[in-house]
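Take a look at the structure below.
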Amino acid sequence: MTASPERTASDPAPEPVAPQPETPEEAFASAGAVLDAVEQAVVGKREALELVLAGILAGGHVLLEDLPGLGKTLAARSFAQALGLPFTRAQFTPDLLPADLTGAEVFDQRTGEFAFRPGPVFTGLLLADEINRTPPKTQSALLEAMQERQVTVEGTTRPLPRPFHVLATANPVEHEGTYPLPEAQLDRFLLRLSFGYPSAQQEWDVLSRRLRRGTEEQSVPQVIDAAGLLAVQEAVERVHVEDEVGAYAVELVRATRRHPHALVGASPRGTLALIVCARALAVIRGRGFVLPEDVKDLAHAALDHRVTIKPELWLQNASSHAVVAAVLTEVEVPVAQPAGAVPAS
């Protein structure tokens, strides 16, 4: 099976495809094969890639906040290729308009009528590159599409294709000429994470692969297609969550609201993000049930961007990461072993 070609904004949106039956074993195998394929391009970031895939399998969108040159764009393109999804990239700039993303009605002189020209959001996987460089009005247009899975142009509502996922990137260092996402909009991203710098061995691996390849361009093989992805997402919905594990996630989120450094703690959407992504992570790890360790491994990615620090503490290097780290040590971890639970591997 060959990888789907990139689709231009003028191409029509693909028809929704029905999910195919997927057992936990098949879902585990599919997820592992996708990660193996992506790792052919993105070196040494298996744990971070697992979290990105967990966000996708949970049906959400992921914000990659990291320094330039650490593989964010490469990861997005590689996931699109491995998942067999149409891929478009929108470079966010200060002059980008909402219609540049959603599309617009264009007058056709040949027919004398207006015709809709879809924008880059009509795709399977959209890379929103440097989302913090475009004004809030354009950011809101994208976030509305992410939340509602539809766009409204000239009074007509058009559904986006299924599956539809956004991988957005942001540079956390440069602030001149940027429009940081407010907390309410950050909350729409299921996960926020970063890759970080590679180790010396990983960096040499990147260099040696480039020298052997003999070209800057690289691609990864397609593993599944859109229907296969929807089937894996259906399998994620059948993953079992013990009451004790769900209560643990609730208590973690509630503890962020009580922390003395937090102006605003994580919302109930943070609790949902923890559990739905933990189910996806369980599938990736070959289980049909969620363990407390799955929730702990996702806590920073799911909660850090949902916690706001009191302004007077900024000079003391207080951070949302530190708040989440503190509640992870304070909240008692339950012992949950579902009866009869068998690993999917």
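Order determines the names: the first chain of the structure tokens is A, the second B, and so forth; residues in each chain are numbered 1 upward, and ligands are numbered 1 upward as they are shown.
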* To do: Just list the residues in range 214-333 of chain A DSSP gives strand (DSSP E) on the backbone, as a PyMOL selection string.
  => chain A and resi 262-264+308-309
Export of the given selection (all heavy atoms) as a PDB file, in the first residue's frame:
```pdb
ATOM      1  N   ALA A 262      -1.436  27.820  42.207  1.00  0.00           N
ATOM      2  CA  ALA A 262      -2.329  27.840  41.047  1.00  0.00           C
ATOM      3  C   ALA A 262      -3.383  28.925  41.181  1.00  0.00           C
ATOM      4  O   ALA A 262      -4.115  28.978  42.178  1.00  0.00           O
ATOM      5  CB  ALA A 262      -2.993  26.481  40.868  1.00  0.00           C
ATOM      6  N   LEU A 263      -3.429  29.799  40.181  1.00  0.00           N
ATOM      7  CA  LEU A 263      -4.523  30.758  40.102  1.00  0.00           C
ATOM      8  C   LEU A 263      -5.783  30.055  39.603  1.00  0.00           C
ATOM      9  O   LEU A 263      -6.881  30.253  40.124  1.00  0.00           O
ATOM     10  CB  LEU A 263      -4.149  31.899  39.156  1.00  0.00           C
ATOM     11  CG  LEU A 263      -5.223  32.951  38.889  1.00  0.00           C
ATOM     12  CD1 LEU A 263      -5.540  33.718  40.168  1.00  0.00           C
ATOM     13  CD2 LEU A 263      -4.782  33.909  37.785  1.00  0.00           C
ATOM     14  N   VAL A 264      -5.615  29.233  38.561  1.00  0.00           N
ATOM     15  CA  VAL A 264      -6.703  28.429  38.004  1.00  0.00           C
ATOM     16  C   VAL A 264      -6.171  27.019  37.804  1.00  0.00           C
ATOM     17  O   VAL A 264      -5.122  26.830  37.167  1.00  0.00           O
ATOM     18  CB  VAL A 264      -7.211  28.999  36.667  1.00  0.00           C
ATOM     19  CG1 VAL A 264      -8.315  28.111  36.095  1.00  0.00           C
ATOM     20  CG2 VAL A 264      -7.722  30.426  36.844  1.00  0.00           C
ATOM     21  N   THR A 308      -2.945  27.572  35.456  1.00  0.00           N
ATOM     22  CA  THR A 308      -2.449  28.941  35.392  1.00  0.00           C
ATOM     23  C   THR A 308      -1.841  29.328  36.737  1.00  0.00           C
ATOM     24  O   THR A 308      -2.480  29.166  37.785  1.00  0.00           O
ATOM     25  CB  THR A 308      -3.584  29.923  35.048  1.00  0.00           C
ATOM     26  OG1 THR A 308      -4.212  29.511  33.825  1.00  0.00           O
ATOM     27  CG2 THR A 308      -3.045  31.337  34.887  1.00  0.00           C
ATOM     28  N   ILE A 309      -0.605  29.810  36.686  1.00  0.00           N
ATOM     29  CA  ILE A 309       0.119  30.186  37.902  1.00  0.00           C
ATOM     30  C   ILE A 309      -0.252  31.609  38.315  1.00  0.00           C
ATOM     31  O   ILE A 309      -0.492  32.478  37.472  1.00  0.00           O
ATOM     32  CB  ILE A 309       1.640  30.073  37.666  1.00  0.00           C
ATOM     33  CG1 ILE A 309       1.996  28.626  37.344  1.00  0.00           C
ATOM     34  CG2 ILE A 309       2.428  30.535  38.875  1.00  0.00           C
ATOM     35  CD1 ILE A 309       1.639  27.645  38.437  1.00  0.00           C
TER      36      ILE A 309
END
```
* Would you mind listing what lies within 10 Å of Pro136 in chain A as number ranges by chain, with only C-alpha atoms counted and same-chain residues fewer than 3 positions away left out? => A: 94, 98, 131-133, 139-142, 179-182, 185
* To do: Pick out the closest residue to Leu193 in chain A from this set: A:Ala301, A:Val153, A:Leu252, A:Leu125. Count only C-alpha atoms.
  => A:Ala301
* To do: as an NGL selection string, please: all residues of range 140-185 of chain A that backbone DSSP puts in helix (DSSP H, G or I).
  => :A and (140-148 or 183-185)
Residues just named, written with all heavy atoms as a PDB file, in the first residue's frame:
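part_30.pdb, written as the output of this step:
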```pdb
ATOM      1  N   SER A 140      -8.864  31.450  16.406  1.00  0.00           N
ATOM      2  CA  SER A 140     -10.204  31.027  16.800  1.00  0.00           C
ATOM      3  C   SER A 140     -10.895  30.256  15.688  1.00  0.00           C
ATOM      4  O   SER A 140     -11.646  29.310  15.952  1.00  0.00           O
ATOM      5  CB  SER A 140     -11.055  32.236  17.199  1.00  0.00           C
ATOM      6  OG  SER A 140     -10.491  32.911  18.305  1.00  0.00           O
ATOM      7  N   ALA A 141     -10.659  30.655  14.437  1.00  0.00           N
ATOM      8  CA  ALA A 141     -11.267  29.945  13.317  1.00  0.00           C
ATOM      9  C   ALA A 141     -10.795  28.500  13.278  1.00  0.00           C
ATOM     10  O   ALA A 141     -11.580  27.574  13.041  1.00  0.00           O
ATOM     11  CB  ALA A 141     -10.930  30.650  12.003  1.00  0.00           C
ATOM     12  N   LEU A 142      -9.504  28.288  13.531  1.00  0.00           N
ATOM     13  CA  LEU A 142      -8.979  26.929  13.545  1.00  0.00           C
ATOM     14  C   LEU A 142      -9.515  26.159  14.739  1.00  0.00           C
ATOM     15  O   LEU A 142      -9.945  25.001  14.609  1.00  0.00           O
ATOM     16  CB  LEU A 142      -7.451  26.953  13.595  1.00  0.00           C
ATOM     17  CG  LEU A 142      -6.787  25.582  13.790  1.00  0.00           C
ATOM     18  CD1 LEU A 142      -7.087  24.672  12.612  1.00  0.00           C
ATOM     19  CD2 LEU A 142      -5.288  25.728  13.991  1.00  0.00           C
ATOM     20  N   LEU A 143      -9.518  26.784  15.923  1.00  0.00           N
ATOM     21  CA  LEU A 143      -9.944  26.079  17.114  1.00  0.00           C
ATOM     22  C   LEU A 143     -11.433  25.729  17.067  1.00  0.00           C
ATOM     23  O   LEU A 143     -11.860  24.719  17.613  1.00  0.00           O
ATOM     24  CB  LEU A 143      -9.621  26.913  18.349  1.00  0.00           C
ATOM     25  CG  LEU A 143      -8.112  27.113  18.575  1.00  0.00           C
ATOM     26  CD1 LEU A 143      -7.866  28.121  19.685  1.00  0.00           C
ATOM     27  CD2 LEU A 143      -7.443  25.796  18.902  1.00  0.00           C
ATOM     28  N   GLU A 144     -12.221  26.546  16.391  1.00  0.00           N
ATOM     29  CA  GLU A 144     -13.634  26.217  16.208  1.00  0.00           C
ATOM     30  C   GLU A 144     -13.767  24.969  15.340  1.00  0.00           C
ATOM     31  O   GLU A 144     -14.565  24.076  15.623  1.00  0.00           O
ATOM     32  CB  GLU A 144     -14.380  27.386  15.569  1.00  0.00           C
ATOM     33  CG  GLU A 144     -15.859  27.100  15.332  1.00  0.00           C
ATOM     34  CD  GLU A 144     -16.567  28.237  14.612  1.00  0.00           C
ATOM     35  OE1 GLU A 144     -15.892  29.205  14.221  1.00  0.00           O
ATOM     36  OE2 GLU A 144     -17.789  28.139  14.436  1.00  0.00           O
ATOM     37  N   ALA A 145     -12.976  24.905  14.275  1.00  0.00           N
ATOM     38  CA  ALA A 145     -13.006  23.727  13.422  1.00  0.00           C
ATOM     39  C   ALA A 145     -12.559  22.483  14.184  1.00  0.00           C
ATOM     40  O   ALA A 145     -13.117  21.394  14.018  1.00  0.00           O
ATOM     41  CB  ALA A 145     -12.107  23.947  12.199  1.00  0.00           C
ATOM     42  N   MET A 146     -11.559  22.654  15.054  1.00  0.00           N
ATOM     43  CA  MET A 146     -11.085  21.529  15.853  1.00  0.00           C
ATOM     44  C   MET A 146     -12.168  21.013  16.787  1.00  0.00           C
ATOM     45  O   MET A 146     -12.351  19.807  16.944  1.00  0.00           O
ATOM     46  CB  MET A 146      -9.865  21.963  16.673  1.00  0.00           C
ATOM     47  CG  MET A 146      -8.613  22.224  15.864  1.00  0.00           C
ATOM     48  SD  MET A 146      -7.367  23.165  16.797  1.00  0.00           S
ATOM     49  CE  MET A 146      -7.257  22.216  18.313  1.00  0.00           C
ATOM     50  N   GLN A 147     -12.894  21.908  17.410  1.00  0.00           N
ATOM     51  CA  GLN A 147     -13.875  21.517  18.409  1.00  0.00           C
ATOM     52  C   GLN A 147     -15.159  20.989  17.768  1.00  0.00           C
ATOM     53  O   GLN A 147     -15.709  19.975  18.196  1.00  0.00           O
ATOM     54  CB  GLN A 147     -14.202  22.703  19.318  1.00  0.00           C
ATOM     55  CG  GLN A 147     -15.172  22.376  20.438  1.00  0.00           C
ATOM     56  CD  GLN A 147     -14.563  21.448  21.464  1.00  0.00           C
ATOM     57  OE1 GLN A 147     -13.346  21.343  21.583  1.00  0.00           O
ATOM     58  NE2 GLN A 147     -15.409  20.759  22.217  1.00  0.00           N
ATOM     59  N   GLU A 148     -15.647  21.693  16.742  1.00  0.00           N
ATOM     60  CA  GLU A 148     -16.942  21.363  16.163  1.00  0.00           C
ATOM     61  C   GLU A 148     -16.842  20.392  14.995  1.00  0.00           C
ATOM     62  O   GLU A 148     -17.862  19.867  14.544  1.00  0.00           O
ATOM     63  CB  GLU A 148     -17.651  22.643  15.696  1.00  0.00           C
ATOM     64  CG  GLU A 148     -17.821  23.701  16.776  1.00  0.00           C
ATOM     65  CD  GLU A 148     -18.698  23.226  17.916  1.00  0.00           C
ATOM     66  OE1 GLU A 148     -19.551  22.347  17.678  1.00  0.00           O
ATOM     67  OE2 GLU A 148     -18.520  23.726  19.042  1.00  0.00           O
ATOM     68  N   GLU A 183      -5.583  30.758  27.797  1.00  0.00           N
ATOM     69  CA  GLU A 183      -5.823  29.496  28.485  1.00  0.00           C
ATOM     70  C   GLU A 183      -7.056  28.779  27.951  1.00  0.00           C
ATOM     71  O   GLU A 183      -7.067  27.548  27.820  1.00  0.00           O
ATOM     72  CB  GLU A 183      -5.971  29.734  29.990  1.00  0.00           C
ATOM     73  CG  GLU A 183      -4.668  30.019  30.723  1.00  0.00           C
ATOM     74  CD  GLU A 183      -4.131  31.415  30.442  1.00  0.00           C
ATOM     75  OE1 GLU A 183      -4.864  32.231  29.851  1.00  0.00           O
ATOM     76  OE2 GLU A 183      -2.978  31.702  30.809  1.00  0.00           O
ATOM     77  N   ALA A 184      -8.110  29.531  27.639  1.00  0.00           N
ATOM     78  CA  ALA A 184      -9.342  28.902  27.159  1.00  0.00           C
ATOM     79  C   ALA A 184      -9.128  28.190  25.826  1.00  0.00           C
ATOM     80  O   ALA A 184      -9.771  27.170  25.546  1.00  0.00           O
ATOM     81  CB  ALA A 184     -10.439  29.954  27.013  1.00  0.00           C
ATOM     82  N   GLN A 185      -8.219  28.717  24.999  1.00  0.00           N
ATOM     83  CA  GLN A 185      -7.949  28.068  23.716  1.00  0.00           C
ATOM     84  C   GLN A 185      -6.940  26.936  23.877  1.00  0.00           C
ATOM     85  O   GLN A 185      -7.039  25.917  23.191  1.00  0.00           O
ATOM     86  CB  GLN A 185      -7.464  29.109  22.713  1.00  0.00           C
ATOM     87  CG  GLN A 185      -8.541  30.117  22.341  1.00  0.00           C
ATOM     88  CD  GLN A 185      -8.077  31.107  21.277  1.00  0.00           C
ATOM     89  OE1 GLN A 185      -6.901  31.194  20.959  1.00  0.00           O
ATOM     90  NE2 GLN A 185      -9.015  31.866  20.735  1.00  0.00           N
TER      91      GLN A 185
END
```
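CA of Ser30 in chain A is found 7.7 Å from CA of Val232 in chain A.
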* To do: Between A:Val151, A:Val253, A:Ala235, A:Leu303, single out the one closest to Phe189 in chain A, counting only C-alpha atoms.
  => A:Leu303
Give me the residues of range 167-241 of chain A that have any atom at most 9 Å from an atom of range 266-272 of chain A; for each, the nearest atom pair and the distance in Å, rounded to one decimal. Use only C-alpha atoms, sort by chain and number, and format it as a tab-separated table.
```
residue	atom	partner	partner_atom	distance
A:Asp187	CA	A:Arg269	CA	7.5
A:Arg188	CA	A:Arg269	CA	8.5
A:Leu190	CA	A:Gly270	CA	8.0
```
* For range 197-201 of chain A, list every protein, DNA or RNA residue within 10 Å, evaluated using only C-alpha atoms, and leave out those in the same chain fewer than 2 positions away; present the list as number ranges by chain. => A: 43-45, 66-67, 69-71, 194-195, 203-207
* Closest of A:Leu328, A:Val42, A:Val34, A:Ala227 to Gln202 in chain A - atom-to-atom distances counting only C-alpha atoms -> A:Val42
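Distances from A:Glu65, A:Glu237, A:Asp95, A:Glu312 to Val173 in chain A were compared using only C-alpha atoms, and the smallest one belongs to A:Glu65.
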* Counting only C-alpha atoms, which of A:Thr215, A:Thr88, A:Asn317, A:Thr169 gets nearest to Pro68 in chain A? -> A:Thr169
* **Residue neighbourhood Leu83 in chain A, 12 Å, only C-alpha atoms, exclusion window fewer than 2 positions, as a ChimeraX atom specification** => /A:1-4,30-38,53,56-57,75-81,85-87,124-125,163-165,220-232
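As for CA of Gly155 in chain A and CA of Glu105 in chain A, they are spaced 10.8 Å apart.
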